[in-house]
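Notes for the one structure printed next.
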Amino acid sequence: MSVSRLAGALARGITRVTGGALGPYQSAVVRIGFSFTWLVFLLREWPHRRELYGPDGPWSWDMARQLTDGNGAFTVLMWSDGRLWFETVYLLSVAASALLLLGWRTRTVSVLFMVGVLSLQNRSVFMGDGGDNVIHLMAIYLVLTRCGRVWSLDARRERRRRRERESGFAGGEAAEVHEAGEAGETTPAARTAAPRAPRDVTGVVLWSLLGLVLALASLLPGLATGWAVVFWGLWLVHALWWAVNRYVPGGELRAVLDMTANLVHNAALFVIMAEVCLIYATAGWYKVQGSRWQDGTALHYPLHLDYFTPWPALSEALGSNGVMVMLITYGTVIVQVAFPFTLFNRRVKNVLLAAMMTEHFAISVVLGLPFFSLAMIAADAVFLPTGFLRSTGRIAGRIAGRITGPARGRLLPGQRRRGGGTDGSSGKPAAGDPEDRRRRTLVG
């Protein structure tokens with residue numbers, strides 16, 4: 001390969017990873033999956049929350065303090081051993097999970113979601129399992145992604161603002177103006193005419209309150225220096241992003257911020273994919289070395305343990321079938337070992353992906369591990385095809401439209417009016433429709 005071709009390929013690669021956030025639907029479904037899993041877990045364990053992570057648990061506050069002082073783990077529950085403080089942190093973790101699930105202020109709420117996950121899990125590290133470890137890691141990675149670009153309240157708010165801008169400016173130039181919301185980015189043509197962002201009172205108030213909380217936390221001895229630097233850095237980045245969007249939305253600084261955010265997002269998405277492959281590769285190769293997995297009897301033993309038999313009759317029926325036990329045992333090892341090597345073949349990858357999701361669903365039912373299975377299914381979802389996710393979103397939109405009905409005649413995402421056009425009478429858009437202006441601008 002010549003130097004010019006190599007330079008061209010490198011330039012295209014840099015443009016690819018900095019010009020846009022890849023996998024918006026995949027990152028959105030990962031956000032929804034993990035926030036839903038953690039939310040349902042917190043609500044399910046509400047009656048037992050004090051025994052799991054609170055002052056009534058076997059792992060006392062003093063023991064947790066000694067452990068966190070030694071390993072440097074972050075948890076705000078070490079700031080106080082009071083019952084009121086624990087209840088406040090638990091409720092805030094529930095609220096952050098629900099808001100991240102809905103996609104409200106995802107840049108800020110993803111940080112709060114991470115704080116809630118780390119605080120509760122690091123308070124009682126011996127209460128978790130493999131699913132908790134996956135949630136622990138993904139909560140950190142989600143902070144670095146632009147996971148609210150689709151299927152979120154942020155995306156809906158951005159679409160509404162874009163429609164208002166397009167209807168407020170003459171001609172087709174405003175159709176390319178894309179104001180930087182929490183999930184948006186600009187194009188070079190739009191930066192030259194980008195108007196100032198509208199006043200975001202909610203965002204400013206939320207940022208100010210969190211800054212005050214962070215300032216008070218910095219005065220406490222429980223916040224390590226490294227974590228203080230991380231949180232203050234995130235807080236300042238949010239301030240810089242708002243200031244640029246508000247006062248110089250069409251400047252070069254905004255372009256640099258967009259490129260940096262895209263690069264960080266794409267890197268975090270790659271790490272998530274690599275993490276899932278690493279989980280399956282290590283699990284599969286460790287199973288290969290086990291004698292029970294080699295002789296095909298590994299599944300027999302958990303099916304006869306009371307702890308893993310929520311449905312004794314089902315476990316007995318499955319465990320008494322030697323051929324089925326052997327096939328599932330060997331199939332599990334083959335799928336886990338082979339999956340990382342199938343990423344280069346889309347069709348084979350999709351087949352194994354469906355097999356793994358089915359396996360986790362079966363684990364949740366047969367072995368009674370629903371939250372572990374939900375966490376792994378959410379992690380697997382990062383490899384789902386974009387076409388499948390978009391089709392699923394359109395189907396969900398149609399179902400929601402039939403149940404609730406479009407508000408004030410507005411179309412839901414993926415829906416079109418009768419006749420195929422936006423004017424409801426023909427396949428052509430109305431003359432004054434924003435989409436018509438957008439097409440004329442792009443064509444002309």
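Residues in the structure tokens are named by chain (A, B, ... in the order shown) and by number from 1 within that chain; ligands are numbered from 1 in the order shown.
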Got a sec to tell me which of segment 3-192 of chain A DSSP assigns to alpha helix (DSSP H), as JSON, numbers by chain? {"A": [3, 4, 5, 6, 7, 8, 9, 10, 11, 12, 13, 14, 15, 16, 17, 18, 24, 25, 26, 27, 28, 29, 30, 31, 32, 33, 34, 35, 36, 37, 38, 39, 40, 41, 42, 43, 44, 49, 50, 51, 52, 61, 62, 63, 64, 65, 66, 67, 68, 69, 70, 71, 83, 84, 85, 86, 87, 88, 89, 90, 91, 92, 93, 94, 95, 96, 97, 98, 99, 100, 101, 102, 106, 107, 108, 109, 110, 111, 112, 113, 114, 115, 116, 117, 118, 119, 120, 121, 122, 123, 130, 131, 132, 133, 134, 135, 136, 137, 138, 139, 140, 141, 142, 143, 153, 154, 155, 156, 157, 158, 159, 160, 161, 162, 163, 164, 165, 166, 167, 168, 188, 189, 190, 191]}
With C-alpha atoms retained, write the just-selected residues as a short mmCIF file (atom, residue, chain, number, x, y, z; two decimals), in the first residue's frame.
data_model
loop_
_atom_site.label_atom_id
_atom_site.label_comp_id
_atom_site.auth_asym_id
_atom_site.auth_seq_id
_atom_site.Cartn_x
_atom_site.Cartn_y
_atom_site.Cartn_z
CA VAL A 3 1.87 6.24 1.42
CA SER A 4 -0.92 8.27 -0.19
CA ARG A 5 -3.41 5.43 0.15
CA LEU A 6 -2.38 4.86 3.73
CA ALA A 7 -2.78 8.56 4.49
CA GLY A 8 -6.18 8.60 2.80
CA ALA A 9 -7.36 5.57 4.77
CA LEU A 10 -6.13 7.15 7.99
CA ALA A 11 -7.93 10.41 7.19
CA ARG A 12 -11.16 8.56 6.45
CA GLY A 13 -10.83 6.65 9.69
CA ILE A 14 -10.32 9.83 11.71
CA THR A 15 -13.29 11.44 10.00
CA ARG A 16 -15.37 8.37 10.73
CA VAL A 17 -14.68 8.31 14.49
CA THR A 18 -14.88 12.08 15.00
CA PRO A 24 -26.87 5.66 18.49
CA TYR A 25 -29.52 2.94 18.71
CA GLN A 26 -27.13 0.44 20.28
CA SER A 27 -26.00 2.92 22.94
CA ALA A 28 -29.62 3.85 23.61
CA VAL A 29 -30.71 0.24 24.11
CA VAL A 30 -27.73 -0.35 26.43
CA ARG A 31 -28.76 2.71 28.44
CA ILE A 32 -32.36 1.52 28.63
CA GLY A 33 -31.38 -2.06 29.46
CA PHE A 34 -29.02 -1.32 32.32
CA SER A 35 -31.06 1.46 33.88
CA PHE A 36 -34.15 -0.77 33.73
CA THR A 37 -32.28 -3.69 35.29
CA TRP A 38 -30.90 -1.61 38.15
CA LEU A 39 -34.23 0.14 38.72
CA VAL A 40 -36.17 -3.12 38.91
CA PHE A 41 -33.54 -4.58 41.23
CA LEU A 42 -33.73 -1.62 43.61
CA LEU A 43 -37.52 -1.76 43.68
CA ARG A 44 -37.52 -5.54 44.11
CA ARG A 49 -32.50 -2.60 51.33
CA ARG A 50 -31.23 -2.03 54.87
CA GLU A 51 -29.97 -5.61 55.15
CA LEU A 52 -28.29 -5.50 51.74
CA TRP A 61 -20.31 0.33 58.27
CA ASP A 62 -16.94 0.09 60.06
CA MET A 63 -15.97 -3.01 58.05
CA ALA A 64 -16.98 -1.29 54.82
CA ARG A 65 -14.97 1.78 55.81
CA GLN A 66 -11.84 -0.30 56.36
CA LEU A 67 -12.26 -1.99 52.98
CA THR A 68 -12.86 1.23 51.03
CA ASP A 69 -9.92 2.91 52.73
CA GLY A 70 -7.75 0.07 51.53
CA ASN A 71 -8.93 -0.30 47.93
CA ARG A 83 -30.15 5.85 58.51
CA LEU A 84 -31.53 9.05 56.93
CA TRP A 85 -28.46 9.42 54.74
CA PHE A 86 -28.77 5.83 53.53
CA GLU A 87 -32.46 6.25 52.70
CA THR A 88 -31.70 9.46 50.79
CA VAL A 89 -28.97 7.81 48.71
CA TYR A 90 -31.18 4.82 47.95
CA LEU A 91 -34.09 6.99 46.83
CA LEU A 92 -31.82 9.15 44.69
CA SER A 93 -30.42 6.03 43.07
CA VAL A 94 -33.95 4.90 42.23
CA ALA A 95 -34.78 8.32 40.79
CA ALA A 96 -31.56 8.47 38.73
CA SER A 97 -32.27 5.02 37.28
CA ALA A 98 -35.80 6.02 36.28
CA LEU A 99 -34.65 9.29 34.70
CA LEU A 100 -31.86 7.58 32.76
CA LEU A 101 -34.36 5.01 31.53
CA LEU A 102 -36.52 7.86 30.18
CA THR A 106 -28.79 12.01 30.05
CA ARG A 107 -25.41 13.70 30.39
CA THR A 108 -26.12 14.70 33.97
CA VAL A 109 -28.30 11.78 35.01
CA SER A 110 -25.78 9.23 33.74
CA VAL A 111 -23.29 10.62 36.25
CA LEU A 112 -25.87 10.39 39.05
CA PHE A 113 -26.70 6.85 37.93
CA MET A 114 -23.03 5.92 38.19
CA VAL A 115 -22.80 7.48 41.65
CA GLY A 116 -25.82 5.47 42.82
CA VAL A 117 -24.52 2.18 41.43
CA LEU A 118 -21.01 2.60 42.83
CA SER A 119 -22.24 3.84 46.20
CA LEU A 120 -24.56 0.90 46.86
CA GLN A 121 -22.41 -1.85 45.40
CA ASN A 122 -19.17 -0.68 47.02
CA ARG A 123 -20.96 -0.42 50.37
CA GLY A 130 -21.66 -11.43 38.00
CA GLY A 131 -24.60 -9.31 36.89
CA ASP A 132 -23.76 -6.65 39.47
CA ASN A 133 -20.18 -6.54 38.20
CA VAL A 134 -21.42 -5.93 34.66
CA ILE A 135 -23.75 -3.13 35.83
CA HIS A 136 -20.84 -1.67 37.82
CA LEU A 137 -18.67 -1.41 34.72
CA MET A 138 -21.38 -0.29 32.31
CA ALA A 139 -22.49 2.50 34.67
CA ILE A 140 -19.02 4.01 34.26
CA TYR A 141 -18.93 3.56 30.50
CA LEU A 142 -22.37 5.12 29.97
CA VAL A 143 -21.09 8.44 31.36
CA LEU A 153 -36.82 12.70 26.27
CA ASP A 154 -33.69 14.59 25.25
CA ALA A 155 -34.14 13.53 21.63
CA ARG A 156 -37.82 14.49 21.70
CA ARG A 157 -37.00 17.90 23.14
CA GLU A 158 -34.34 18.42 20.49
CA ARG A 159 -36.78 17.51 17.69
CA ARG A 160 -39.32 19.98 19.06
CA ARG A 161 -36.74 22.76 19.23
CA ARG A 162 -35.58 21.99 15.70
CA ARG A 163 -39.13 22.24 14.38
CA GLU A 164 -39.57 25.57 16.15
CA ARG A 165 -36.34 26.92 14.63
CA GLU A 166 -37.21 25.72 11.16
CA SER A 167 -40.66 27.26 11.33
CA GLY A 168 -39.21 30.52 12.64
CA PRO A 188 -20.30 22.59 9.19
CA ALA A 189 -23.03 24.25 7.12
CA ALA A 190 -25.23 24.76 10.14
CA ARG A 191 -22.54 26.32 12.33
#
In Å, how far is it from atom CA of Met324 of chain A to atom CA of Thr282 of chain A? 24.4 Å
Measuring atom to atom with only C-alpha atoms, identify which of A:Thr260, A:Pro370, A:Thr329, A:Gly128 is nearest to Ser291 of chain A. A:Thr329
Can you tell me which residues surround segment 220-222 of chain A at a distance of at most 7 Å, considering only C-alpha atoms, apart from same-chain residues fewer than 2 positions away, and format the answer as an NGL selection string? :A and (78-79 or 217-218 or 224)
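From atom CA of Ser315 of chain A back to atom CA of Thr297 of chain A, the distance works out to 14.3 Å.
Take atom CA of Gly284 of chain A and atom CA of Asp380 of chain A: the distance between them is 15.5 Å.
Residue nearest Trp59 of chain A, chosen from A:Ala354, A:Met127, A:Leu212, A:Leu236 and counting only C-alpha atoms: A:Met127.
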Pick out the residues sitting within 10 Å of Val333 of chain A, and hand them over as a PyMOL selection string; count only C-alpha atoms, and ignore anything fewer than 2 positions along from it in its own chain. chain A and resi 280-281+283-288+293-294+296+328-331+335-338
Can you write just those residues out, C-alpha atoms, as a compact mmCIF listing (two decimals), in the first residue's frame?
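selection_3.txt, freshly written:
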# COMPACT_ATOMS: atom_id res chain seq x y z
CA TYR A 280 -17.72 -14.53 27.11
CA ALA A 281 -14.18 -15.47 26.09
CA ALA A 283 -16.09 -17.66 30.78
CA GLY A 284 -15.91 -20.05 27.84
CA TRP A 285 -12.21 -20.87 28.18
CA TYR A 286 -12.49 -21.41 31.94
CA LYS A 287 -15.38 -23.81 31.29
CA VAL A 288 -13.26 -25.72 28.79
CA TRP A 293 -17.93 -29.17 31.41
CA GLN A 294 -15.70 -31.59 29.53
CA GLY A 296 -21.10 -32.70 29.66
CA ILE A 328 -26.96 -27.56 26.72
CA THR A 329 -23.63 -27.94 28.51
CA TYR A 330 -21.61 -28.35 25.34
CA GLY A 331 -23.69 -25.75 23.49
CA VAL A 335 -21.33 -20.41 21.91
CA GLN A 336 -19.26 -18.51 24.50
CA VAL A 337 -15.90 -19.48 23.03
CA ALA A 338 -16.95 -18.89 19.43
For His238 of chain A, find every residue with an atom within 10 Å (counting only C-alpha atoms), except residues of its own chain fewer than 5 positions away, and show them as a PDB file with C-alpha atoms, in the first residue's frame.
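Below is the file that was written, part-v1.pdb:
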ATOM      1  CA  ARG A 107     -25.407  13.695  30.393  1.00  0.00           C
ATOM      2  CA  THR A 108     -26.120  14.700  33.965  1.00  0.00           C
ATOM      3  CA  GLU A 182     -27.785  17.206  25.344  1.00  0.00           C
ATOM      4  CA  GLY A 203     -30.261  22.820  33.170  1.00  0.00           C
ATOM      5  CA  TRP A 207     -25.966  22.321  37.331  1.00  0.00           C
ATOM      6  CA  TRP A 232     -15.160  18.520  39.119  1.00  0.00           C
ATOM      7  CA  GLY A 233     -13.912  17.838  35.593  1.00  0.00           C
ATOM      8  CA  ALA A 243     -21.621  28.316  27.488  1.00  0.00           C
TER       9      ALA A 243
END
Between A:Ile403, A:Leu369, A:Leu144, A:Ala239, which one has atoms that come closest to Pro310 of chain A, using only C-alpha atoms? A:Leu369
